[in-house]
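Enquirer: Below is upload36.csv; it holds CSV, C-alpha atoms and all ligand atoms.
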```csv
chain,number,residue,atom,x,y,z
J,1067,MET,CA,65.4,86.1,132.0
J,1068,ALA,CA,67.6,83.8,129.9
J,1069,ASN,CA,65.9,85.3,126.9
J,1070,LEU,CA,66.6,88.8,128.1
J,1071,LEU,CA,70.2,88.0,128.8
J,1072,GLY,CA,70.5,86.3,125.4
J,1073,ARG,CA,69.1,89.5,123.7
J,1074,ILE,CA,71.5,91.7,125.7
J,1075,PHE,CA,74.5,89.5,124.8
J,1076,LYS,CA,73.4,89.4,121.1
J,1077,LYS,CA,73.2,93.2,121.1
J,1078,LYS,CA,76.6,93.4,122.7
J,1079,ILE,CA,78.4,91.2,120.2
J,1080,GLN,CA,76.6,93.0,117.3
J,1081,GLU,CA,78.1,96.4,118.2
J,1082,PRO,CA,81.0,97.8,116.1
J,1083,GLN,CA,84.3,97.0,117.7
J,1084,VAL,CA,87.2,99.5,118.1
J,1085,VAL,CA,90.6,98.5,116.8
J,1086,ASP,CA,93.8,100.2,118.1
J,1087,LEU,CA,96.6,99.9,115.6
J,1088,GLN,CA,100.2,100.1,116.9
J,1089,PRO,CA,102.7,101.6,116.4
J,1090,SER,CA,100.8,104.2,114.2
J,1091,GLY,CA,98.2,104.9,116.9
J,1092,ASP,CA,95.4,104.7,114.2
J,1093,GLN,CA,92.0,103.7,115.4
J,1094,PHE,CA,89.1,102.4,113.4
J,1095,THR,CA,85.8,100.6,114.0
J,1096,VAL,CA,84.8,97.2,112.5
J,1097,GLU,CA,81.1,96.5,111.9
J,1098,PRO,CA,79.8,93.0,112.9
J,1099,LYS,CA,79.6,91.7,109.4
J,1100,GLN,CA,83.0,93.1,108.3
J,1101,THR,CA,86.3,91.4,108.4
J,1102,LEU,CA,89.1,93.2,110.2
J,1103,LEU,CA,90.6,94.2,106.8
J,1104,GLN,CA,87.2,95.5,105.5
J,1105,GLY,CA,86.8,97.6,108.6
J,1106,ALA,CA,90.3,99.2,108.1
J,1107,LEU,CA,89.9,99.8,104.4
J,1108,SER,CA,86.4,101.3,104.6
J,1109,THR,CA,87.8,103.8,107.1
J,1110,GLY,CA,90.7,104.7,104.7
J,1111,ILE,CA,93.5,103.1,106.9
J,1112,PRO,CA,96.3,102.1,104.5
J,1113,PHE,CA,96.3,98.5,105.7
J,1114,PRO,CA,98.6,96.4,103.5
J,1115,HIS,CA,96.6,93.7,101.5
J,1116,GLU,CA,96.5,92.1,98.1
J,1117,CYS,CA,94.5,88.9,97.6
J,1118,ARG,CA,91.8,89.3,100.4
J,1119,VAL,CA,91.4,85.5,100.4
J,1120,GLY,CA,94.2,84.5,102.9
J,1121,VAL,CA,96.8,83.5,100.3
J,1122,CYS,CA,99.3,86.3,100.0
J,1123,GLY,CA,100.0,87.0,103.7
J,1124,LYS,CA,100.3,90.7,103.1
J,1125,CYS,CA,97.6,91.6,105.7
J,1126,LYS,CA,99.3,89.8,108.6
J,1127,CYS,CA,99.5,91.6,111.9
J,1128,ARG,CA,100.0,90.6,115.5
J,1129,LEU,CA,97.1,90.3,117.9
J,1130,VAL,CA,98.2,92.0,121.1
J,1131,ASP,CA,94.9,92.1,122.9
J,1132,GLY,CA,91.3,91.1,122.2
J,1133,LYS,CA,89.3,88.3,120.5
J,1134,ILE,CA,88.8,87.4,116.8
J,1135,LYS,CA,87.1,84.6,115.0
J,1136,SER,CA,89.2,83.2,112.1
J,1137,ILE,CA,87.6,82.2,108.8
J,1138,MET,CA,90.4,79.9,107.9
J,1139,ASP,CA,93.3,78.1,109.5
J,1140,PHE,CA,96.1,80.7,109.5
J,1141,SER,CA,98.8,78.0,109.3
J,1142,TYR,CA,98.0,77.6,105.6
J,1143,THR,CA,99.7,80.9,105.0
J,1144,LEU,CA,101.6,81.8,108.2
J,1145,SER,CA,104.6,79.9,109.6
J,1146,LYS,CA,104.3,77.8,112.8
J,1147,GLU,CA,106.3,80.5,114.7
J,1148,GLU,CA,104.0,83.3,113.4
J,1149,VAL,CA,100.9,81.4,114.5
J,1150,GLU,CA,102.5,80.7,117.9
J,1151,ARG,CA,103.3,84.4,118.3
J,1152,GLU,CA,99.6,85.3,117.6
J,1153,TYR,CA,100.0,86.6,114.1
J,1154,ILE,CA,96.6,86.7,112.3
J,1155,LEU,CA,95.4,87.5,108.8
J,1156,ALA,CA,93.2,90.6,108.8
J,1157,CYS,CA,91.3,89.5,105.7
J,1158,GLN,CA,90.4,86.2,107.4
J,1159,SER,CA,89.3,87.5,110.8
J,1160,PHE,CA,86.0,88.6,112.2
J,1161,VAL,CA,86.3,90.9,115.2
J,1162,LYS,CA,84.7,89.7,118.5
J,1163,SER,CA,85.9,92.4,120.9
J,1164,ASP,CA,87.8,95.7,120.9
J,1165,LEU,CA,91.4,94.9,119.7
J,1166,THR,CA,94.9,96.1,119.9
J,1167,LEU,CA,97.1,95.1,116.9
J,1168,LEU,CA,100.7,95.4,116.1
J,1169,MET,CA,101.7,96.1,112.5
J,1170,ASP,CA,105.5,95.4,112.4
J,1171,HIS,CA,106.0,95.8,108.7
J,1172,GLN,CA,105.4,98.9,106.5
J,1173,MET,CA,101.9,100.3,106.2
J,1174,ASP,CA,102.2,100.4,102.4
J,1175,GLY,CA,98.5,100.3,101.5
J,1176,CYS,CA,96.6,103.0,99.7
J,1177,GLN,CA,94.9,105.8,101.7
J,1178,TYR,CA,91.7,105.9,99.8
J,1179,ALA,CA,88.7,104.5,101.7
J,1180,VAL,CA,86.9,101.6,100.0
J,1181,LYS,CA,83.4,102.6,98.8
J,1182,THR,CA,80.6,100.8,97.0
J,1183,ILE,CA,79.2,103.0,94.1
J,1184,ASN,CA,76.5,102.3,91.6
J,1185,GLY,CA,77.0,103.0,87.9
J,1186,VAL,CA,76.0,102.1,84.4
J,1187,ILE,CA,78.1,100.7,81.6
J,1188,SER,CA,78.4,103.6,79.2
J,1189,LYS,CA,80.6,102.0,76.5
J,1190,SER,CA,81.9,98.5,75.5
J,1191,GLU,CA,84.6,98.3,72.9
J,1192,SER,CA,86.5,95.4,71.4
J,1193,LEU,CA,90.3,95.8,71.8
J,1194,THR,CA,91.4,92.3,70.5
J,1195,HIS,CA,89.6,89.1,69.6
J,1196,ASP,CA,89.3,88.3,73.4
J,1197,ILE,CA,89.8,91.6,75.3
J,1198,LEU,CA,87.0,94.2,75.8
J,1199,LYS,CA,87.3,97.6,77.2
J,1200,ILE,CA,84.3,98.6,79.3
J,1201,THR,CA,83.6,102.1,80.5
J,1202,ILE,CA,81.4,102.7,83.5
J,1203,LYS,CA,79.7,106.0,84.4
J,1204,LEU,CA,79.5,106.2,88.2
J,1205,ASP,CA,76.9,107.9,90.4
J,1206,GLU,CA,79.7,109.5,92.4
J,1207,LYS,CA,83.4,110.0,92.2
J,1208,ILE,CA,85.9,107.3,93.1
J,1209,ASN,CA,89.5,107.8,94.1
J,1210,TYR,CA,92.2,105.2,93.5
J,1211,SER,CA,95.9,104.9,92.9
J,1212,ALA,CA,97.0,103.8,89.5
J,1213,GLY,CA,97.6,100.0,89.6
J,1214,GLN,CA,94.8,99.2,92.0
J,1215,TYR,CA,91.7,97.2,91.3
J,1216,ALA,CA,87.9,97.1,92.1
J,1217,ASP,CA,85.3,94.4,92.5
J,1218,LEU,CA,82.6,94.6,89.9
J,1219,SER,CA,79.1,93.1,90.6
J,1220,VAL,CA,76.2,92.8,88.1
J,1221,PRO,CA,72.7,91.8,89.1
J,1222,SER,CA,72.6,88.5,87.2
J,1223,ILE,CA,75.8,87.1,88.7
J,1224,LYS,CA,76.0,86.1,92.4
J,1225,GLU,CA,79.6,87.0,93.3
J,1226,PRO,CA,81.7,90.0,92.2
J,1227,ARG,CA,85.0,89.6,90.3
J,1228,SER,CA,88.1,91.8,90.5
J,1229,TYR,CA,89.3,94.0,87.6
J,1230,SER,CA,92.2,96.5,87.5
J,1231,PHE,CA,91.5,100.2,86.7
J,1232,ALA,CA,92.8,100.7,83.2
J,1233,ASP,CA,93.1,104.5,83.1
J,1234,GLY,CA,95.4,106.9,85.1
J,1235,PRO,CA,93.4,108.4,87.9
J,1236,ILE,CA,92.3,112.1,88.2
J,1237,ASN,CA,93.3,113.8,91.4
J,1238,GLU,CA,89.8,115.0,92.3
J,1239,GLY,CA,88.3,111.5,91.7
J,1240,ASN,CA,86.9,109.8,88.6
J,1241,THR,CA,83.3,109.6,87.7
J,1242,GLU,CA,84.2,107.5,84.6
J,1243,ILE,CA,86.4,104.5,84.9
J,1244,SER,CA,87.4,101.7,82.5
J,1245,PHE,CA,88.5,98.1,82.7
J,1246,PHE,CA,90.0,95.6,80.2
J,1247,ILE,CA,88.2,92.3,80.4
J,1248,ARG,CA,89.7,89.1,78.9
J,1249,LYS,CA,87.3,86.4,77.9
J,1250,VAL,CA,88.0,83.3,80.1
J,1251,PRO,CA,86.6,80.1,78.5
J,1252,ASN,CA,83.4,79.2,80.4
J,1253,GLY,CA,84.0,82.1,82.7
J,1254,GLU,CA,80.7,83.5,84.1
J,1255,MET,CA,81.5,87.2,84.4
J,1256,SER,CA,83.8,87.6,81.5
J,1257,SER,CA,81.3,85.7,79.2
J,1258,TRP,CA,78.6,88.0,80.4
J,1259,PHE,CA,80.6,91.0,79.3
J,1260,HIS,CA,81.6,89.4,76.0
J,1261,GLY,CA,78.2,87.8,75.3
J,1262,ALA,CA,76.4,90.9,74.2
J,1263,ASP,CA,76.7,94.7,74.1
J,1264,ARG,CA,76.1,95.6,77.8
J,1265,THR,CA,75.9,99.3,77.3
J,1266,GLY,CA,73.2,100.7,79.6
J,1267,GLU,CA,73.4,97.8,82.1
J,1268,LYS,CA,73.6,98.5,85.9
J,1269,ILE,CA,76.9,97.6,87.6
J,1270,THR,CA,78.3,98.1,91.1
J,1271,VAL,CA,81.9,99.0,91.8
J,1272,THR,CA,83.6,98.4,95.2
J,1273,GLY,CA,87.1,99.6,95.7
J,1274,PRO,CA,89.8,100.6,95.5
J,1275,TYR,CA,91.8,97.5,96.6
J,1276,GLY,CA,95.4,96.3,96.4
J,1277,SER,CA,98.9,97.5,97.2
J,1278,PHE,CA,100.1,97.5,93.6
J,1279,TYR,CA,100.9,101.1,92.8
J,1280,LEU,CA,103.8,103.3,91.8
J,1281,ARG,CA,106.2,103.9,94.7
J,1282,PRO,CA,107.8,107.4,94.9
J,1283,SER,CA,111.4,106.9,93.7
J,1284,ASP,CA,114.0,108.2,91.3
J,1285,GLN,CA,115.1,104.7,90.3
J,1286,PRO,CA,114.3,103.5,86.7
J,1287,ILE,CA,111.3,101.2,86.4
J,1288,ILE,CA,110.8,98.0,84.5
J,1289,CYS,CA,107.2,97.3,83.6
J,1290,ILE,CA,106.2,93.9,82.4
J,1291,ALA,CA,102.6,93.2,81.3
J,1292,GLY,CA,101.0,90.1,79.9
J,1293,GLY,CA,97.5,90.0,78.2
J,1294,SER,CA,94.9,91.9,80.2
J,1295,GLY,CA,97.7,92.7,82.7
J,1296,LEU,CA,98.3,95.8,80.6
J,1297,ALA,CA,95.5,97.6,82.4
J,1298,PRO,CA,97.2,98.5,85.7
J,1299,ILE,CA,100.6,99.1,84.0
J,1300,LYS,CA,99.0,101.5,81.5
J,1301,SER,CA,97.3,103.2,84.4
J,1302,ILE,CA,100.6,103.5,86.3
J,1303,LEU,CA,102.4,104.9,83.3
J,1304,GLU,CA,99.7,107.4,82.6
J,1305,GLN,CA,99.9,108.6,86.2
J,1306,ALA,CA,103.7,108.8,86.0
J,1307,SER,CA,103.5,110.7,82.7
J,1308,LYS,CA,101.2,113.3,84.3
J,1309,GLN,CA,103.8,113.7,87.0
J,1310,GLY,CA,106.4,114.6,84.4
J,1311,GLY,CA,107.7,111.2,83.1
J,1312,ASN,CA,110.9,111.8,84.9
J,1313,ILE,CA,112.2,108.3,85.4
J,1314,PRO,CA,113.7,106.0,82.7
J,1315,VAL,CA,111.4,103.1,81.7
J,1316,LEU,CA,111.8,99.7,80.1
J,1317,PHE,CA,108.3,98.5,79.3
J,1318,LEU,CA,107.9,94.8,78.1
J,1319,PHE,CA,104.5,93.8,76.8
J,1320,GLY,CA,104.1,90.1,76.3
J,1321,ALA,CA,101.5,88.7,73.9
J,1322,ARG,CA,101.0,85.6,71.8
J,1323,THR,CA,100.6,87.0,68.3
J,1324,GLN,CA,100.1,90.4,66.7
J,1325,ARG,CA,96.3,90.1,67.0
J,1326,ASP,CA,96.8,90.0,70.8
J,1327,LEU,CA,98.5,93.4,70.9
J,1328,TYR,CA,96.4,96.4,71.8
J,1329,CYS,CA,96.5,100.0,73.1
J,1330,LEU,CA,99.6,100.6,71.0
J,1331,ASN,CA,98.5,104.2,70.2
J,1332,GLU,CA,98.0,105.0,73.8
J,1333,ILE,CA,101.4,103.6,74.7
J,1334,ASN,CA,103.1,105.6,72.0
J,1335,LYS,CA,101.3,108.7,73.3
J,1336,ILE,CA,102.7,108.1,76.8
J,1337,ALA,CA,106.2,107.4,75.4
J,1338,SER,CA,106.2,110.6,73.3
J,1339,SER,CA,105.3,112.7,76.3
J,1340,TRP,CA,108.0,111.1,78.5
J,1341,ASN,CA,111.1,113.2,79.5
J,1342,GLU,CA,113.5,110.3,80.1
J,1343,PRO,CA,114.4,107.2,78.0
J,1344,PHE,CA,111.3,105.1,77.4
J,1345,HIS,CA,112.0,101.7,75.8
J,1346,PHE,CA,108.8,99.9,74.7
J,1347,VAL,CA,109.3,96.3,73.6
J,1348,PRO,CA,106.3,94.2,72.5
J,1349,VAL,CA,107.3,90.6,72.6
J,1350,LEU,CA,105.4,87.9,70.8
J,1351,SER,CA,105.7,84.2,71.9
J,1352,GLU,CA,103.6,82.5,69.2
J,1353,GLU,CA,103.8,84.7,66.1
J,1354,PRO,CA,104.3,82.5,63.0
J,1355,LEU,CA,107.8,82.9,61.5
J,1356,ASP,CA,106.6,83.3,57.9
J,1357,ASN,CA,104.9,86.7,58.3
J,1358,ASP,CA,105.7,90.5,58.5
J,1359,TRP,CA,106.6,90.8,62.2
J,1360,THR,CA,110.1,92.2,62.6
J,1361,GLY,CA,109.8,92.9,66.3
J,1362,SER,CA,110.9,90.8,69.3
J,1363,ARG,CA,110.0,87.2,69.6
J,1364,GLY,CA,110.1,84.7,72.5
J,1365,LEU,CA,109.3,85.2,76.2
J,1366,VAL,CA,109.2,88.7,77.8
J,1367,THR,CA,111.6,87.5,80.5
J,1368,GLU,CA,114.3,87.1,77.8
J,1369,TYR,CA,114.2,90.9,77.3
J,1370,ILE,CA,115.0,91.9,80.9
J,1371,LEU,CA,118.3,93.5,79.8
J,1372,ASP,CA,120.2,96.7,80.6
J,1373,GLN,CA,119.3,99.5,78.1
J,1374,SER,CA,120.6,103.0,77.7
J,1375,GLY,CA,119.5,104.9,80.8
J,1376,ILE,CA,118.4,101.7,82.6
J,1377,GLN,CA,120.5,99.3,84.7
J,1378,VAL,CA,118.2,96.4,85.6
J,1379,SER,CA,119.8,95.8,89.0
J,1380,SER,CA,119.0,99.3,90.3
J,1381,SER,CA,115.5,99.4,88.9
J,1382,ASN,CA,112.1,98.9,90.6
J,1383,ALA,CA,109.9,96.4,88.7
J,1384,TYR,CA,106.1,96.4,88.3
J,1385,LEU,CA,104.7,93.2,86.9
J,1386,CYS,CA,101.1,92.2,86.0
J,1387,GLY,CA,99.7,89.3,84.1
J,1388,PRO,CA,99.3,85.5,84.4
J,1389,PRO,CA,100.8,84.0,87.5
J,1390,GLY,CA,103.3,81.9,85.4
J,1391,MET,CA,104.7,85.0,83.7
J,1392,ILE,CA,105.1,86.8,87.0
J,1393,ASP,CA,106.9,83.9,88.7
J,1394,ALA,CA,109.3,83.6,85.8
J,1395,ALA,CA,109.9,87.4,85.7
J,1396,ILE,CA,110.6,87.5,89.5
J,1397,ASN,CA,113.2,84.7,89.1
J,1398,LYS,CA,114.9,86.5,86.2
J,1399,LEU,CA,114.9,89.9,88.0
J,1400,ASN,CA,116.4,88.2,91.1
J,1401,GLU,CA,119.1,86.7,88.9
J,1402,CYS,CA,119.8,90.1,87.6
J,1403,GLY,CA,120.3,91.5,91.1
J,1404,VAL,CA,116.9,93.1,91.7
J,1405,VAL,CA,116.0,92.4,95.3
J,1406,THR,CA,112.5,91.3,96.2
J,1407,ASP,CA,111.7,94.6,97.9
J,1408,GLN,CA,112.1,96.3,94.6
J,1409,ILE,CA,109.6,94.0,92.8
J,1410,PHE,CA,105.9,94.8,92.9
J,1411,PHE,CA,103.3,92.6,91.2
J,1412,ASP,CA,99.7,91.9,90.7
J,1413,LYS,CA,98.7,88.3,89.9
J,1414,PHE,CA,95.3,87.9,88.1
J,1415,LEU,CA,94.4,85.0,90.4
J,1416,ASP,CA,91.1,83.3,90.1
J,1417,ARG,CA,90.2,84.6,93.6
J,1418,ARG,CA,86.8,82.7,93.9
J,1419,HIS,CA,88.3,79.3,93.2
J,1420,THR,CA,91.4,80.0,95.2
J,1421,GLN,CA,89.1,80.5,98.1
J,1422,LEU,CA,86.9,77.4,97.4
J,1423,LYS,CA,89.8,75.0,97.0
J,1424,ARG,CA,90.9,75.4,100.6
R,1501,LIG,C1,93.5,91.6,91.7
R,1501,LIG,C2,92.9,91.0,90.5
R,1501,LIG,C3,92.8,91.8,89.3
R,1501,LIG,C4,92.3,91.3,88.2
R,1501,LIG,N1,92.2,92.1,87.1
R,1501,LIG,C5,91.7,91.7,85.9
R,1501,LIG,C6,91.6,92.5,84.8
R,1501,LIG,O1,92.0,93.7,84.8
R,1501,LIG,N2,91.2,92.0,83.6
R,1501,LIG,C7,90.8,90.6,83.5
R,1501,LIG,O2,90.3,90.2,82.5
R,1501,LIG,N3,90.8,89.8,84.6
R,1501,LIG,C8,91.2,90.3,85.8
R,1501,LIG,N4,91.3,89.5,86.9
R,1501,LIG,C9,90.6,88.2,86.8
R,1501,LIG,C10,89.1,88.3,87.1
R,1501,LIG,O3,88.9,88.7,88.4
R,1501,LIG,C11,88.3,87.0,86.9
R,1501,LIG,O4,88.9,86.0,87.6
R,1501,LIG,C12,88.2,86.6,85.4
R,1501,LIG,O5,87.6,87.6,84.7
R,1501,LIG,C13,87.4,85.3,85.3
R,1501,LIG,O6,86.1,85.5,85.8
R,1501,LIG,P1,84.9,84.7,85.2
R,1501,LIG,O7,83.7,84.9,86.1
R,1501,LIG,O8,84.8,84.9,83.8
R,1501,LIG,O9,85.3,83.2,85.5
R,1501,LIG,P2,84.8,82.1,86.6
R,1501,LIG,O10,83.3,81.8,86.3
R,1501,LIG,O11,85.1,82.7,87.9
R,1501,LIG,O12,85.7,80.9,86.3
R,1501,LIG,C14,85.5,80.0,85.2
R,1501,LIG,C15,86.7,79.1,85.0
R,1501,LIG,O13,87.8,79.9,84.5
R,1501,LIG,C16,88.9,79.7,85.5
R,1501,LIG,N5,89.5,81.1,85.7
R,1501,LIG,C17,88.9,82.1,86.4
R,1501,LIG,N6,89.7,83.2,86.4
R,1501,LIG,C18,90.7,82.9,85.7
R,1501,LIG,C19,91.9,83.6,85.3
R,1501,LIG,N7,92.1,84.9,85.7
R,1501,LIG,N8,92.8,83.0,84.5
R,1501,LIG,C20,92.6,81.7,84.0
R,1501,LIG,N9,91.5,81.0,84.4
R,1501,LIG,C21,90.6,81.6,85.2
R,1501,LIG,C22,88.3,79.2,86.7
R,1501,LIG,O14,89.2,78.5,87.5
R,1501,LIG,C23,87.1,78.4,86.2
R,1501,LIG,O15,87.6,77.1,85.9
R,1501,LIG,C24,91.8,90.0,88.1
R,1501,LIG,C25,91.9,89.2,89.2
R,1501,LIG,C26,92.4,89.7,90.4
R,1501,LIG,C27,92.5,88.8,91.6
R,1502,LIG,S1,96.2,87.1,102.9
R,1502,LIG,FE1,95.0,88.8,103.5
R,1502,LIG,S2,95.2,90.1,101.8
R,1502,LIG,FE2,96.2,88.3,101.1
```
Since I need it in another form, could you write the structure as structure tokens?

Expert:
Amino acid sequence: MANLLGRIFKKKIQEPQVVDLQPSGDQFTVEPKQTLLQGALSTGIPFPHECRVGVCGKCKCRLVDGKIKSIMDFSYTLSKEEVEREYILACQSFVKSDLTLLMDHQMDGCQYAVKTINGVISKSESLTHDILKITIKLDEKINYSAGQYADLSVPSIKEPRSYSFADGPINEGNTEISFFIRKVPNGEMSSWFHGADRTGEKITVTGPYGSFYLRPSDQPIICIAGGSGLAPIKSILEQASKQGGNIPVLFLFGARTQRDLYCLNEINKIASSWNEPFHFVPVLSEEPLDNDWTGSRGLVTEYILDQSGIQVSSSNAYLCGPPGMIDAAINKLNECGVVTDQIFFDKFLDRRHTQLKR
């Protein structure tokens, strides 16, 4: 009898649970092995999120009714008041009963459902001494918004890593996608890509993820990219160019030396198709003084300045690159009068180690 009850109970808790999201009225189901966030994203609910490891706090929502099991202590990320008021992090919650949730901030996620798709690496090209462009041919189409990212898995490496889509998306979905991969010293996945020509190797793509994408607006935009952070910025600008290139742009691209600059032809192509002012400023921080570089030098943040057609304080800013560059750029933009709501960024965090350190 106890065994039978145990089996019935086990079956009960293994059933998908239904989540009722207020005030939108959206409903979705969460499978037993999914987190609350995974359930929402695989149904195409635009649930806000970014890091998916409990750090950014973007997926917070209020548990009005039902039971969850938390993966981490929410007080690492949420305030004491929020925890007391039953706020939870969707990316760090397993669902143990039907739920009612209150989302009291903007549902600014992307509407494309997260899918896992198999593919094959169809091309691998060197862009700089430490950045590769890899192209993947997929078995079926994927939809994403420019600026978003996907998790890439290869059979020989246990955990996936995140990489930003590098091309502007096609409306009807892409069967070919590309990524810029920077070699990280002793990095397992990036060394695998850089270690040999991986053309023909199998690869699995899960996505799209992330809330870093171009918001509809007439305001000028300031884009700041550092290193492989060029990928989502290029994708955003390609998408905006297809939509007419009708907003003024200041685009700052930070690199160490001339040999770290890449995709300049693609950027010039975007700039030449643009219908409003497009100021592209590559900025080199470590270029030796005794050579032929006549362009800008120093830190990209020093070049956040008003330009013809662009008043910094009334611009939206899109930032992508190393966390240090992003933090410095946010400070400078705030000093120039750009409020936090107008600043969107994508930090290339080391997600795996961020998770393990906790
Ligand atoms: C949303 C998102 C988008 C990303 N997009 C891109 C992209 O478009 N292109 C790209 O090249 N990378 C991107 N990354 C980083 C990428 O996911 C991996 O972290 C990176 O490629 C290193 O993986 P690895 O397996 O080589 O290193 P691991 O084996 O995971 O780590 C090896 C060592 O390197 C350190 N390390 C890991 N990642 C980084 C890092 N990013 N910077 C500095 N040190 C690190 C680790 O702490 C560890 O000491 C993105 C990350 C996130 C979260
Ligand atoms: S804390 Fe959940 S997505 Fe960042």

Enquirer: Which residues form the shell of 10 Å around ligand LIG 1502 (chain R) when you count all atoms listed in the file, given as a list in words?

Expert: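 Counting all atoms listed in the file, the residues within 10 Å of ligand LIG 1502 (chain R) come out as Leu1102, Leu1103, Phe1113, Pro1114, His1115, Glu1116, Cys1117, Arg1118, Val1119, Gly1120, Val1121, Cys1122, Gly1123, Lys1124, Cys1125, Lys1126, Cys1127, Phe1140, Thr1143, Leu1144, Ile1154, Leu1155, Ala1156, Cys1157, Gln1158, Ser1159, Tyr1275, Gly1276 and Ser1277 of chain J.
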
Enquirer: Let me see if you get this right: every residue at most 9 Å from ligand LIG 1501 (chain R), counting all atoms listed in the file, written as number ranges by chain.

Expert: J: 1116-1118, 1197-1198, 1214-1218, 1223, 1225-1232, 1245-1259, 1275-1276, 1293-1298, 1386-1389, 1412-1420

Enquirer: Quick one: residues within 9 Å of Leu1165 in chain J, all atoms listed in the file counted, chain neighbours fewer than 2 positions away excluded, as a list of chain:residue names?

Expert: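 Close residues of Leu1165 in chain J: J:Gln1083, J:Val1084, J:Val1085, J:Asp1086, J:Leu1087, J:Leu1129, J:Val1130, J:Asp1131, J:Gly1132, J:Lys1133, J:Ile1134, J:Val1161, J:Lys1162, J:Ser1163, J:Leu1167.
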
Enquirer: Expressed in Å to a single decimal, how great is the separation between CA of Val1271 in chain J and CA of Ala1179 in chain J?

Expert: 13.2 Å

Enquirer: Any idea what the distance is between CA of Val1366 in chain J and CA of Asn1312 in chain J?

Expert: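 CA of Asn1312 in chain J lies 24.2 Å from CA of Val1366 in chain J.
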
Enquirer: For each of J:Arg1325, J:Ser1374, J:Ile1287, J:Ser1136, take the minimum atom-to-atom distance to Pro1354 in chain J, counting only C-alpha atoms, then give the residue where this is smallest.

Expert: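 Checking each of J:Arg1325, J:Ser1374, J:Ile1287, J:Ser1136 against Pro1354 in chain J, counting only C-alpha atoms, the winner is J:Arg1325.
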
Enquirer: So which one's closest to Leu1399 in chain J, J:Cys1289, J:Ser1141, J:Asp1205, J:Cys1329? Using only C-alpha atoms, please.

Expert: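 Result for the nearest residue to Leu1399 in chain J: J:Cys1289.
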
Enquirer: Select, from J:Gln1373, J:Asp1139, J:Ser1362, J:Glu1368, the residue with the minimum atom-to-atom distance to Ala1394 in chain J, counting all atoms listed in the file.

Expert: J:Glu1368

Enquirer: So how far away is CA of Met1391 in chain J from CA of Phe1410 in chain J, in Å?

Expert: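 Between CA of Phe1410 in chain J and CA of Met1391 in chain J the gap is 13.5 Å.
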
Enquirer: Which neighbours of range 1200-1203 of chain J fall inside 6 Å, counting all atoms listed in the file, when residues of the same chain fewer than 6 positions from it are skipped, and could you give them as a CSV table (one decimal) with C-alpha atoms, in the coordinates of the input?

Expert:
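File produced: part_1.csv:
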```
chain,number,residue,atom,x,y,z
J,1185,GLY,CA,77.0,103.0,87.9
J,1186,VAL,CA,76.0,102.1,84.4
J,1187,ILE,CA,78.1,100.7,81.6
J,1188,SER,CA,78.4,103.6,79.2
J,1189,LYS,CA,80.6,102.0,76.5
J,1190,SER,CA,81.9,98.5,75.5
J,1242,GLU,CA,84.2,107.5,84.6
J,1243,ILE,CA,86.4,104.5,84.9
J,1244,SER,CA,87.4,101.7,82.5
J,1245,PHE,CA,88.5,98.1,82.7
```

Enquirer: Would you please work out which residue, of J:Leu1280, J:Leu1204, J:Ile1376, J:Ile1370, is nearest to Glu1342 in chain J when using only C-alpha atoms?

Expert: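 Of J:Leu1280, J:Leu1204, J:Ile1376, J:Ile1370, the one nearest Glu1342 in chain J, counting only C-alpha atoms, is J:Ile1376.
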
Enquirer: Nearest to Pro1221 in chain J among J:Lys1268, J:Glu1238, J:His1260, J:Glu1150, with distances taken over only C-alpha atoms: which residue is it?

Expert: J:Lys1268

Enquirer: Contacts of range 1096-1099 of chain J at 6 Å or less, counting only C-alpha atoms, minus same-chain residues fewer than 5 places along, as a list in words?

Expert: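 Final neighbour list, sorted by chain and number: Gln1080, Pro1082, Gln1083 and Gly1105 of chain J.
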
Enquirer: How about saving the chosen residues, C-alpha atoms kept, as a CSV table (one decimal), in the frame of the given file?

Expert:
```csv
chain,number,residue,atom,x,y,z
J,1080,GLN,CA,76.6,93.0,117.3
J,1082,PRO,CA,81.0,97.8,116.1
J,1083,GLN,CA,84.3,97.0,117.7
J,1105,GLY,CA,86.8,97.6,108.6
```

Enquirer: Calculate, to one decimal in Å, the centre and edge lengths of the box along x, y and z of the file that holds all listed atoms of range 1287-1293 of chain J with 5 Å of margin on each side, and present them as JSON.

Expert:
```
{"center_x": 104.4, "center_y": 95.6, "center_z": 82.3, "size_x": 23.8, "size_y": 21.2, "size_z": 18.2}
```

Enquirer: Name the closest residue to Ile1208 in chain J among the candidates J:Asn1397, J:Thr1166, J:Thr1095, J:Asn1237; distances are taken between atoms, counting only C-alpha atoms.

Expert: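 The closest residue to Ile1208 in chain J is J:Asn1237.
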
Enquirer: Which residues, protein or nucleic acid, reach to within 9 Å of (110.9, 96.9, 101.3) in the file's coordinates when using only C-alpha atoms, and can you give that as a list in words?

Expert: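 Using only C-alpha atoms, the matching residues come out as His1171, Gln1172, Thr1406, Asp1407 and Gln1408 of chain J.
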
Enquirer: For Pro1343 in chain J, find every residue with an atom within 10 Å (counting all atoms listed in the file), except residues of its own chain fewer than 2 positions away, and show them as a short mmCIF file (atom, residue, chain, number, x, y, z; two decimals) with C-alpha atoms, in the frame of the given file.

Expert:
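Result went into selection-v9.cif, see below:
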```cif
data_model
loop_
_atom_site.label_atom_id
_atom_site.label_comp_id
_atom_site.auth_asym_id
_atom_site.auth_seq_id
_atom_site.Cartn_x
_atom_site.Cartn_y
_atom_site.Cartn_z
CA PRO J 1286 114.30 103.50 86.70
CA GLY J 1311 107.70 111.20 83.10
CA ASN J 1312 110.90 111.80 84.90
CA ILE J 1313 112.20 108.30 85.40
CA PRO J 1314 113.70 106.00 82.70
CA VAL J 1315 111.40 103.10 81.70
CA LEU J 1316 111.80 99.70 80.10
CA ALA J 1337 106.20 107.40 75.40
CA TRP J 1340 108.00 111.10 78.50
CA ASN J 1341 111.10 113.20 79.50
CA HIS J 1345 112.00 101.70 75.80
CA PHE J 1346 108.80 99.90 74.70
CA GLN J 1373 119.30 99.50 78.10
CA SER J 1374 120.60 103.00 77.70
CA GLY J 1375 119.50 104.90 80.80
CA ILE J 1376 118.40 101.70 82.60
#
```
